[in-house]
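Novice: As input, take work14.txt (compact mmCIF, C-alpha atoms and all ligand atoms):
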```txt
# COMPACT_ATOMS: atom_id res chain seq x y z
CA MET A 63 37.92 -14.52 15.06
CA THR A 64 38.64 -11.35 17.08
CA SER A 65 42.17 -10.16 16.65
CA PRO A 66 43.58 -10.38 20.20
CA LYS A 67 46.07 -7.61 19.51
CA HIS A 68 43.57 -5.23 17.89
CA PRO A 69 40.16 -5.98 19.38
CA THR A 70 38.81 -2.59 18.40
CA LEU A 71 40.41 -2.16 14.98
CA VAL A 72 39.66 -5.37 13.10
CA ARG A 73 36.13 -6.15 11.99
CA ARG A 74 36.02 -9.88 12.67
CA THR A 75 33.87 -9.81 15.81
CA PRO A 76 32.41 -13.28 16.39
CA TRP A 77 28.77 -13.75 17.31
CA PRO A 78 28.49 -15.73 20.56
CA ASP A 79 27.50 -19.38 20.07
CA SER A 80 24.19 -20.48 21.49
CA VAL A 81 22.46 -23.85 21.45
CA SER A 82 19.16 -22.03 21.83
CA ARG A 83 17.76 -19.79 19.10
CA ALA A 84 16.49 -16.24 19.24
CA VAL A 85 12.74 -16.09 18.61
CA VAL A 86 13.00 -12.60 17.12
CA THR A 87 14.49 -12.07 13.65
CA PRO A 88 17.92 -10.45 14.01
CA LEU A 89 18.36 -6.93 12.67
CA GLN A 90 21.22 -6.82 10.16
CA PRO A 91 22.25 -3.24 9.35
CA SER A 92 25.46 -4.17 7.48
CA VAL A 93 25.76 -2.44 4.11
CA VAL A 94 28.70 -4.54 2.94
CA TYR A 95 29.23 -8.29 3.03
CA ALA A 96 32.70 -9.78 2.79
CA SER A 97 33.18 -12.81 0.53
CA GLU A 98 35.90 -15.41 0.82
CA THR A 99 37.46 -15.33 -2.66
CA PRO A 100 36.77 -13.95 -6.14
CA ASP A 101 35.49 -17.42 -7.05
CA THR A 102 32.91 -17.40 -4.27
CA LEU A 103 31.89 -13.87 -5.29
CA ASP A 104 31.46 -15.07 -8.89
CA ALA A 105 29.32 -17.94 -7.65
CA GLN A 106 27.13 -15.47 -5.73
CA TYR A 107 26.65 -13.15 -8.71
CA ASP A 108 26.01 -16.11 -11.03
CA GLY A 109 23.30 -17.32 -8.66
CA LEU A 110 25.06 -20.63 -7.95
CA THR A 111 25.21 -19.88 -4.24
CA HIS A 112 23.22 -17.39 -2.24
CA GLY A 113 25.05 -14.53 -0.58
CA TYR A 114 24.70 -10.85 0.03
CA THR A 115 27.22 -8.34 -1.30
CA TYR A 116 25.95 -4.80 -0.89
CA ALA A 117 22.74 -3.70 0.82
CA ARG A 118 21.39 -1.73 -2.14
CA GLU A 119 21.27 -5.07 -3.98
CA GLY A 120 19.49 -6.83 -1.12
CA HIS A 121 19.80 -7.61 2.56
CA PRO A 122 18.39 -10.22 4.94
CA ASN A 123 15.77 -8.07 6.67
CA ALA A 124 14.26 -7.01 3.33
CA ASP A 125 14.17 -10.64 2.19
CA VAL A 126 12.56 -11.92 5.39
CA LEU A 127 9.84 -9.29 5.01
CA ALA A 128 9.40 -9.92 1.28
CA ARG A 129 8.93 -13.68 1.79
CA LYS A 130 6.21 -13.03 4.38
CA ILE A 131 4.30 -10.66 2.09
CA ASP A 132 4.81 -13.13 -0.78
CA ALA A 133 3.08 -15.79 1.29
CA MET A 134 0.20 -13.44 2.09
CA GLU A 135 -0.28 -12.44 -1.57
CA GLY A 136 0.35 -15.88 -3.08
CA ALA A 137 3.39 -14.41 -4.86
CA THR A 138 6.97 -15.52 -5.43
CA GLY A 139 10.07 -13.36 -5.45
CA GLY A 140 8.44 -10.07 -4.42
CA LEU A 141 10.71 -7.12 -3.78
CA VAL A 142 10.66 -4.79 -0.77
CA VAL A 143 11.69 -1.19 -1.54
CA GLY A 144 11.97 2.07 0.37
CA SER A 145 8.36 3.31 0.03
CA GLY A 146 5.08 2.60 -1.70
CA MET A 147 5.98 5.19 -4.32
CA ALA A 148 9.35 3.47 -4.76
CA ALA A 149 7.37 0.31 -5.58
CA VAL A 150 5.34 2.23 -8.17
CA THR A 151 8.56 3.73 -9.58
CA ALA A 152 10.36 0.37 -9.76
CA MET A 153 7.36 -1.19 -11.46
CA MET A 154 6.97 1.57 -14.04
CA MET A 155 10.64 2.21 -14.79
CA GLY A 156 11.29 -1.52 -14.88
CA THR A 157 8.55 -2.35 -17.39
CA LEU A 158 7.84 0.73 -19.53
CA LYS A 159 9.74 2.49 -22.30
CA ALA A 160 9.24 5.68 -24.30
CA GLY A 161 6.33 5.27 -26.70
CA ASP A 162 4.31 3.07 -24.34
CA HIS A 163 0.91 4.08 -23.00
CA VAL A 164 -0.51 3.50 -19.51
CA VAL A 165 -4.14 3.58 -18.41
CA GLY A 166 -4.68 4.43 -14.74
CA GLY A 167 -7.78 4.36 -12.56
CA ASP A 168 -9.11 7.90 -12.22
CA GLN A 169 -9.14 7.74 -8.42
CA LEU A 170 -5.68 6.34 -7.74
CA TYR A 171 -3.61 7.48 -4.77
CA GLY A 172 -2.68 11.17 -5.28
CA ARG A 173 1.02 10.66 -5.99
CA CYS A 174 0.23 7.85 -8.43
CA LEU A 175 -2.00 10.27 -10.31
CA ARG A 176 0.88 12.70 -10.32
CA MET A 177 3.24 10.01 -11.58
CA LEU A 178 0.88 9.48 -14.53
CA ALA A 179 0.19 13.17 -15.15
CA GLU A 180 3.67 14.64 -14.64
CA GLU A 181 6.50 12.13 -14.47
CA LEU A 182 5.82 9.44 -17.07
CA PRO A 183 5.08 11.93 -19.88
CA ARG A 184 8.53 13.50 -19.30
CA PHE A 185 10.01 10.13 -20.26
CA GLY A 186 7.85 9.71 -23.33
CA VAL A 187 5.19 7.48 -21.77
CA ALA A 188 1.64 8.66 -22.54
CA THR A 189 -1.09 8.14 -19.95
CA THR A 190 -4.89 8.21 -19.75
CA LEU A 191 -7.17 8.04 -16.72
CA ALA A 192 -10.42 6.09 -16.80
CA ASP A 193 -13.07 4.89 -14.36
CA PRO A 194 -12.25 1.32 -13.29
CA THR A 195 -15.78 0.64 -12.03
CA ASP A 196 -16.79 0.65 -15.73
CA VAL A 197 -14.81 -1.74 -17.92
CA ALA A 198 -16.18 -0.06 -21.07
CA GLN A 199 -14.43 3.18 -20.05
CA ILE A 200 -11.16 1.36 -19.51
CA GLU A 201 -11.54 -0.34 -22.88
CA ALA A 202 -12.25 2.98 -24.59
CA ALA A 203 -8.99 4.37 -23.16
CA LEU A 204 -6.82 1.59 -24.61
CA ARG A 205 -4.48 2.19 -27.54
CA PRO A 206 -2.41 -0.22 -29.62
CA GLU A 207 0.64 0.83 -27.57
CA THR A 208 -1.01 0.43 -24.14
CA ARG A 209 1.38 -1.63 -22.03
CA MET A 210 -0.11 -1.38 -18.55
CA ILE A 211 -3.35 -0.75 -16.63
CA LEU A 212 -2.91 0.36 -13.01
CA ILE A 213 -5.89 0.23 -10.65
CA GLU A 214 -6.79 -0.03 -7.00
CA LEU A 215 -9.66 -2.36 -6.10
CA VAL A 216 -11.21 0.14 -3.69
CA SER A 217 -10.74 3.80 -4.58
CA ASN A 218 -9.60 6.55 -2.28
CA PRO A 219 -11.50 8.30 -0.74
CA THR A 220 -14.85 7.49 -2.33
CA LEU A 221 -14.43 3.72 -1.82
CA ARG A 222 -15.78 2.69 -5.22
CA VAL A 223 -15.04 -0.95 -6.14
CA ALA A 224 -13.31 -1.59 -9.49
CA ASP A 225 -14.54 -4.22 -11.94
CA ILE A 226 -11.23 -6.02 -11.64
CA GLU A 227 -12.44 -9.25 -13.22
CA GLY A 228 -13.73 -7.47 -16.30
CA ILE A 229 -10.53 -5.44 -16.55
CA ALA A 230 -8.37 -8.56 -16.09
CA ARG A 231 -10.18 -10.32 -18.96
CA LEU A 232 -9.70 -7.27 -21.17
CA ALA A 233 -6.02 -6.92 -20.23
CA GLN A 234 -5.34 -10.57 -20.87
CA ALA A 235 -7.09 -10.55 -24.25
CA ARG A 236 -5.02 -7.54 -25.35
CA GLY A 237 -1.70 -8.66 -23.85
CA ILE A 238 -1.62 -5.70 -21.42
CA LEU A 239 -0.13 -5.91 -17.93
CA LEU A 240 -2.66 -5.45 -15.13
CA ALA A 241 -1.05 -3.88 -12.04
CA VAL A 242 -3.03 -3.64 -8.80
CA ASP A 243 -2.12 -1.40 -5.87
CA ASN A 244 -3.46 -3.55 -3.03
CA THR A 245 -2.58 -1.15 -0.19
CA PHE A 246 -6.15 -0.37 0.82
CA THR A 247 -7.63 -3.81 0.57
CA THR A 248 -4.68 -5.91 1.78
CA PRO A 249 -4.34 -9.65 1.10
CA ARG A 250 -6.50 -10.29 4.17
CA ALA A 251 -9.51 -9.19 2.10
CA PHE A 252 -8.38 -9.66 -1.50
CA ARG A 253 -5.52 -11.30 -3.40
CA PRO A 254 -5.21 -9.68 -6.84
CA PHE A 255 -3.11 -12.55 -8.28
CA ASP A 256 -6.12 -14.84 -7.77
CA HIS A 257 -8.20 -12.47 -9.95
CA GLY A 258 -5.91 -12.01 -12.94
CA ALA A 259 -3.40 -9.35 -11.83
CA ASP A 260 0.10 -9.55 -13.34
CA ILE A 261 1.71 -7.19 -10.82
CA VAL A 262 0.75 -6.46 -7.21
CA LEU A 263 2.15 -3.60 -5.21
CA HIS A 264 1.81 -2.17 -1.73
CA SER A 265 2.56 0.77 0.40
CA VAL A 266 3.75 -1.38 3.33
CA THR A 267 3.80 1.91 5.25
CA LYS A 268 0.06 1.59 5.77
CA LEU A 269 -1.86 -1.41 7.10
CA LEU A 270 0.83 -4.07 6.74
CA ALA A 271 3.39 -2.33 8.95
CA GLY A 272 0.51 -0.68 10.75
CA HIS A 273 2.15 1.65 13.25
CA SER A 274 3.04 4.78 11.21
CA ASP A 275 6.71 4.37 12.01
CA VAL A 276 8.17 2.99 8.77
CA THR A 277 8.02 3.93 5.08
CA LEU A 278 8.23 0.87 2.81
CA GLY A 279 6.85 -0.62 -0.38
CA TYR A 280 6.51 -4.01 -2.04
CA VAL A 281 6.11 -5.15 -5.64
CA ALA A 282 5.63 -8.67 -7.01
CA THR A 283 5.02 -10.00 -10.51
CA ARG A 284 3.83 -13.25 -12.01
CA ASP A 285 6.48 -13.18 -14.72
CA ALA A 286 10.11 -14.00 -13.85
CA ALA A 287 11.67 -11.85 -16.61
CA LEU A 288 9.62 -8.87 -15.49
CA ARG A 289 10.64 -9.51 -11.89
CA LYS A 290 14.33 -9.42 -12.87
CA SER A 291 13.86 -6.20 -14.79
CA ILE A 292 12.03 -4.52 -11.89
CA TYR A 293 14.70 -5.72 -9.46
CA ASP A 294 17.56 -4.37 -11.60
CA THR A 295 15.77 -1.05 -12.02
CA ALA A 296 15.18 -0.75 -8.27
CA VAL A 297 18.87 -1.45 -7.55
CA THR A 298 20.01 1.05 -10.16
CA LEU A 299 17.61 3.78 -9.04
CA GLY A 300 18.57 3.16 -5.42
CA LEU A 301 15.12 2.37 -4.05
CA THR A 302 16.65 0.40 -1.16
CA PRO A 303 14.67 -0.16 2.04
CA SER A 304 16.28 0.42 5.43
CA PRO A 305 16.96 -2.82 7.37
CA PHE A 306 15.48 -1.28 10.51
CA ASP A 307 12.27 -0.35 8.68
CA CYS A 308 12.04 -3.90 7.32
CA TRP A 309 12.59 -5.28 10.80
CA LEU A 310 9.87 -3.06 12.26
CA ALA A 311 7.46 -3.94 9.45
CA GLU A 312 8.05 -7.65 9.97
CA ARG A 313 7.32 -7.13 13.65
CA GLY A 314 4.15 -5.28 12.67
CA LEU A 315 3.02 -8.17 10.46
CA TYR A 316 2.72 -10.57 13.38
CA SER A 317 -0.31 -8.63 14.57
CA PHE A 318 -1.61 -7.72 11.11
CA GLU A 319 -4.51 -10.18 10.97
CA LEU A 320 -5.64 -9.32 14.49
CA ARG A 321 -5.40 -5.60 13.77
CA TYR A 322 -7.18 -5.90 10.45
CA ASP A 323 -10.05 -8.00 11.75
CA ARG A 324 -10.62 -5.77 14.75
CA ALA A 325 -10.42 -2.57 12.69
CA GLU A 326 -12.83 -3.99 10.13
CA GLU A 327 -15.30 -5.04 12.80
CA ASN A 328 -15.09 -1.52 14.24
CA ALA A 329 -15.57 0.05 10.80
CA ALA A 330 -18.70 -2.00 10.12
CA ARG A 331 -20.19 -1.03 13.49
CA LEU A 332 -19.29 2.63 13.02
CA ALA A 333 -20.71 2.71 9.48
CA ASP A 334 -24.06 1.50 10.75
CA HIS A 335 -23.97 3.89 13.68
CA LEU A 336 -23.16 6.95 11.55
CA ALA A 337 -25.78 6.01 8.98
CA GLY A 338 -28.34 5.93 11.79
CA LEU A 339 -27.58 9.49 12.89
CA GLY A 340 -29.46 11.17 10.05
CA GLY A 341 -27.94 13.91 7.91
CA VAL A 342 -24.81 11.76 7.45
CA ARG A 343 -24.14 10.03 4.13
CA VAL A 344 -22.05 6.91 4.77
CA ILE A 345 -19.94 5.09 2.20
CA TYR A 346 -18.81 1.64 3.30
CA PRO A 347 -18.35 -1.31 0.92
CA GLY A 348 -19.84 -3.69 3.50
CA ARG A 349 -23.19 -1.88 3.58
CA SER A 350 -26.02 -2.75 1.22
CA ASP A 351 -26.50 0.95 0.32
CA HIS A 352 -23.00 1.15 -1.17
CA PRO A 353 -23.16 1.91 -4.93
CA ASP A 354 -21.00 -1.15 -5.76
CA HIS A 355 -22.29 -3.40 -3.01
CA ASN A 356 -22.92 -6.44 -5.22
CA ARG A 357 -19.45 -6.31 -6.69
CA ALA A 358 -17.96 -5.72 -3.23
CA ALA A 359 -19.83 -8.75 -1.91
CA HIS A 360 -18.68 -10.88 -4.86
CA LEU A 361 -15.00 -9.85 -4.63
CA LEU A 362 -14.56 -9.23 -0.90
CA GLY A 363 -17.15 -11.52 0.61
CA ALA A 364 -17.97 -10.25 4.07
CA ARG A 365 -14.81 -8.14 4.20
CA GLY A 366 -15.84 -4.50 4.20
CA GLY A 367 -12.36 -3.34 5.25
CA ASN A 368 -11.29 -0.70 7.75
CA MET A 369 -11.85 2.32 5.51
CA LEU A 370 -15.06 4.27 5.79
CA SER A 371 -16.05 7.61 4.29
CA PHE A 372 -18.91 9.90 5.25
CA GLU A 373 -20.29 13.27 4.40
CA ILE A 374 -21.87 15.81 6.71
CA GLU A 375 -23.73 19.00 5.93
CA GLY A 376 -22.59 22.53 6.74
CA GLY A 377 -19.45 23.10 4.66
CA ARG A 378 -15.96 23.99 5.94
CA ASP A 379 -17.20 25.46 9.26
CA ALA A 380 -18.92 22.23 10.16
CA ALA A 381 -15.81 20.29 9.10
CA ASN A 382 -13.61 22.44 11.38
CA ARG A 383 -15.97 21.86 14.32
CA MET A 384 -16.00 18.14 13.58
CA THR A 385 -12.21 17.56 13.68
CA LYS A 386 -11.83 19.78 16.75
CA ALA A 387 -14.48 17.87 18.68
CA CYS A 388 -12.95 14.44 17.87
CA GLU A 389 -10.14 14.89 20.38
CA ASN A 390 -8.96 11.29 20.48
CA ILE A 391 -8.98 10.71 16.74
CA ALA A 392 -5.90 12.08 14.98
CA PHE A 393 -6.78 14.43 12.14
CA ALA A 394 -4.05 13.22 9.78
CA PRO A 395 -3.97 12.35 6.10
CA THR A 396 -2.74 8.79 6.44
CA LEU A 397 -4.35 5.38 6.78
CA GLY A 398 -3.75 1.96 8.17
CA ASP A 399 -2.42 3.03 11.55
CA ILE A 400 -3.33 1.00 14.60
CA GLY A 401 -5.12 4.14 15.83
CA THR A 402 -8.09 5.68 14.04
CA THR A 403 -7.27 8.65 11.81
CA LEU A 404 -9.64 11.10 10.20
CA SER A 405 -8.80 12.86 6.97
CA HIS A 406 -10.45 15.64 5.01
CA PRO A 407 -9.72 15.24 1.30
CA ALA A 408 -10.84 18.77 0.34
CA SER A 409 -7.97 20.26 2.40
CA SER A 410 -5.41 17.50 1.80
CA SER A 411 -5.31 14.88 -0.97
CA HIS A 412 -7.75 16.76 -3.22
CA ARG A 413 -6.80 20.35 -2.37
CA ALA A 414 -5.29 20.96 -5.82
CA LEU A 415 -8.69 20.45 -7.47
CA THR A 416 -11.23 23.23 -7.89
CA PRO A 417 -14.47 22.90 -5.86
CA GLU A 418 -16.16 21.88 -9.15
CA GLY A 419 -13.47 19.29 -9.81
CA ARG A 420 -13.97 17.89 -6.32
CA ALA A 421 -17.73 17.89 -6.74
CA ALA A 422 -17.30 15.83 -9.92
CA VAL A 423 -15.73 13.02 -7.84
CA GLY A 424 -18.21 13.47 -5.01
CA ILE A 425 -15.98 15.27 -2.50
CA SER A 426 -17.47 18.27 -0.69
CA GLU A 427 -16.18 20.31 2.27
CA GLY A 428 -18.21 18.00 4.50
CA PHE A 429 -16.57 14.82 3.15
CA PHE A 430 -14.38 12.84 5.55
CA ARG A 431 -12.44 9.61 5.27
CA LEU A 432 -11.92 7.52 8.36
CA SER A 433 -9.17 4.92 8.66
CA VAL A 434 -10.58 2.89 11.51
CA GLY A 435 -8.16 1.50 14.09
CA VAL A 436 -8.36 -1.03 16.88
CA GLU A 437 -9.66 1.10 19.75
CA PRO A 438 -12.76 -0.07 21.65
CA VAL A 439 -15.63 0.68 19.29
CA GLU A 440 -17.59 2.43 22.06
CA LEU A 441 -14.86 5.08 22.26
CA LEU A 442 -14.99 5.64 18.51
CA ILE A 443 -18.78 5.87 18.50
CA GLU A 444 -18.65 8.40 21.33
CA GLU A 445 -15.96 10.52 19.64
CA LEU A 446 -17.61 10.62 16.24
CA SER A 447 -21.05 11.25 17.65
CA ALA A 448 -19.60 14.20 19.57
CA GLY A 449 -17.95 15.43 16.36
CA ILE A 450 -21.17 15.26 14.41
CA ARG A 451 -23.12 16.99 17.19
CA ALA A 452 -20.53 19.78 17.20
CA ALA A 453 -20.70 20.05 13.41
CA ARG A 454 -24.43 20.65 13.58
C1 LIG A 501 0.31 5.65 0.72
C2 LIG A 501 -0.03 5.02 -0.55
C3 LIG A 501 0.90 4.89 -1.58
C4 LIG A 501 2.31 5.44 -1.46
O1 LIG A 501 3.01 4.82 -0.43
P1 LIG A 501 4.21 5.51 0.40
O2 LIG A 501 4.69 4.41 1.28
O3 LIG A 501 3.63 6.68 1.12
O4 LIG A 501 5.22 5.95 -0.62
C5 LIG A 501 0.53 4.25 -2.74
N1 LIG A 501 -0.72 3.78 -2.89
C6 LIG A 501 -1.65 3.88 -1.93
C7 LIG A 501 -3.01 3.31 -2.16
C8 LIG A 501 -1.33 4.50 -0.73
O5 LIG A 501 -2.28 4.61 0.23
```
Can I see the file as C-alpha cells?

Specialist:
Amino acid sequence: MTSPKHPTLVRRTPWPDSVSRAVVTPLQPSVVYASETPDTLDAQYDGLTHGYTYAREGHPNADVLARKIDAMEGATGGLVVGSGMAAVTAMMMGTLKAGDHVVGGDQLYGRCLRMLAEELPRFGVATTLADPTDVAQIEAALRPETRMILIELVSNPTLRVADIEGIARLAQARGILLAVDNTFTTPRAFRPFDHGADIVLHSVTKLLAGHSDVTLGYVATRDAALRKSIYDTAVTLGLTPSPFDCWLAERGLYSFELRYDRAEENAARLADHLAGLGGVRVIYPGRSDHPDHNRAAHLLGARGGNMLSFEIEGGRDAANRMTKACENIAFAPTLGDIGTTLSHPASSSHRALTPEGRAAVGISEGFFRLSVGVEPVELLIEELSAGIRAAR
C-alpha cells in the first residue's frame, strides 16, 4: 500500500488492479525482491516455494525467455545469460576442472576458438581442435581425460556440416559430454538434443532475438546435476542478462519462425542466382553441389538455412568494389539480423591468420559470407548482382 504521508519516499507502490490482462509480458527491472519473513526466504532458497531474491540469481524476464527457448529446443531448465560467450563460459566453468581435456571443432566461432586456445589452458584445461565433418579425426583427438566435445553443426564461414550423429555415438560410448552451439542452425532447422547432444547453447544475440539490439546467450543440459552446477557458476561469475534485453529478445521470438522461413527462402533463391552468374563459387547446404549435401539433407531436411557463402575472383580490390557497390546490404561482421549483412572473413573473423592459414580453411580475399535477411528477394538479387558486376 502507498504510504499516504510519504508517497515518494516509501517503496510500496501498488500496481493498479485490472480485470483485463496485458497481452505483452511486463518488463521487470527490479534487482531486489523483498520477502515477507526469514521463514519465507528460507522456503524460497530451499526450493519449497518459488520466489525471486536478487536479479543476478534470476529474474522473471530471463525465465520467460528461457522457457520459450526450452520449448523450441525440447529442453528443460535452460538458463539465459548475458551473451553467447557468457553461455560458453558458464558451460565450461560449470563442468570442467583442471586436468580435463576438451576437443573443439576446428571451425568454431572465433571467440570460442580463443577460449580453447587461450583461456582454458590458463586454468589447466588442455584442448585440441579437430575436424567435426570427419568422426575419425575427432576420435583421434580424444584422450582418457577428455570431458567435452564442442561443435557447431554448420561451420562458420565455410558452412561445412558436422557428422553430429557419429560424434554423438562416440561421445556416448566414451562417457564424454557433447556440447552443440546451435546459434547458426537454430531449433527451427535442427534440435541437437534429438541427435544425442548433452548440452545445447546459443548466442541469442543472433537469429533468435533477430534485430541486432540485444546481447544474450542460452545454455541447457540434459542432466539436472550439470544444470545446477552451470547455474551456480553463472551466478557466481555474474553472467546475468539484462531484463530489458530479455524482454526485447522475447518480443523478437514472436516473429522468429516467420523471419527464419523468409530468410531461408531468400537464401536458397540467392544461392541459385549467384551460382548461375559464372565465376562465383557458392557454398549453401541446401544445394546439391555442397560438399556435405547428403549429410545436410539427412540432418536438416529441406532446411538450407539463411547463411550462404560465396567466393569471387580478383582478390582484395574486387572485394572492396563488391562491398561498396552493395549499398543496401550492411557490410558488418554479424549474422542473424532481420536485414541482410555481408561479411568478409579475411578482414574480420579470420584476420589473425596468415594468408596460407586462411587458404588452408578455404578462405581467400574474395570469400564472403552472407547472412540473408527478410528483404524482398528481388532487391537482394539486384544488389548482389551489382556488387559482382562491380567486382569484375
Ligand atoms: C556470435 C556467436 C557466439 C557468441 O555470442 P555473443 O552473443 O556475441 O557473445 C557464439 N557462437 C556463435 C556460433 C556465434 O555466432

Novice: Ligand LIG 501 (chain A): which residues are within 9 Å, counting all atoms listed in the file? Reply as a PyMOL selection string.

Specialist: chain A and resi 144-150+170-174+214+216-218+243-247+263-268+276-279+396-398

Novice: Write out as a PyMOL selection string which residues come within 12 Å of Leu103 (chain A) when counting only C-alpha atoms, dropping same-chain ones fewer than 4 positions away.

Specialist: chain A and resi 95-99+107-116

Novice: Work out how far CA of Ala117 (chain A) is from CA of Val93 (chain A), in Å to one decimal.

Specialist: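 Rounded to one decimal, the two atoms are 4.6 Å apart.
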
Novice: Show which residues sit within 7 Å of region 303-309 of chain A, as a ChimeraX atom specification. Count only C-alpha atoms, and ignore same-chain residues fewer than 3 positions away.

Specialist: /A:89-91,123-124,127,142-144,276,278,312-313

Novice: Using Å and a single decimal, report how far CA of Ala152 (chain A) sits from CA of Lys290 (chain A).

Specialist: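 Those two atoms sit 11.0 Å apart.
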
Novice: Distance CA of Arg222 (chain A)-CA of Asp354 (chain A), one decimal place?

Specialist: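 Result for CA of Arg222 (chain A) versus CA of Asp354 (chain A): 6.5 Å, one decimal.
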
Novice: So that I can see what lies close to region 415-431 of chain A, please list as a list in words the residues with an atom at most 7 Å from it, counting all atoms listed in the file and leaving out residues fewer than 5 positions away in the same chain.

Specialist: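 Close residues of region 415-431 of chain A: Pro219, Leu370, Ser371, Phe372, Glu373, Ile374, Glu375, Gly376, Gly377, Arg378, Ala381, Leu404, Ser405, His406, Pro407 and Ala408 of chain A.
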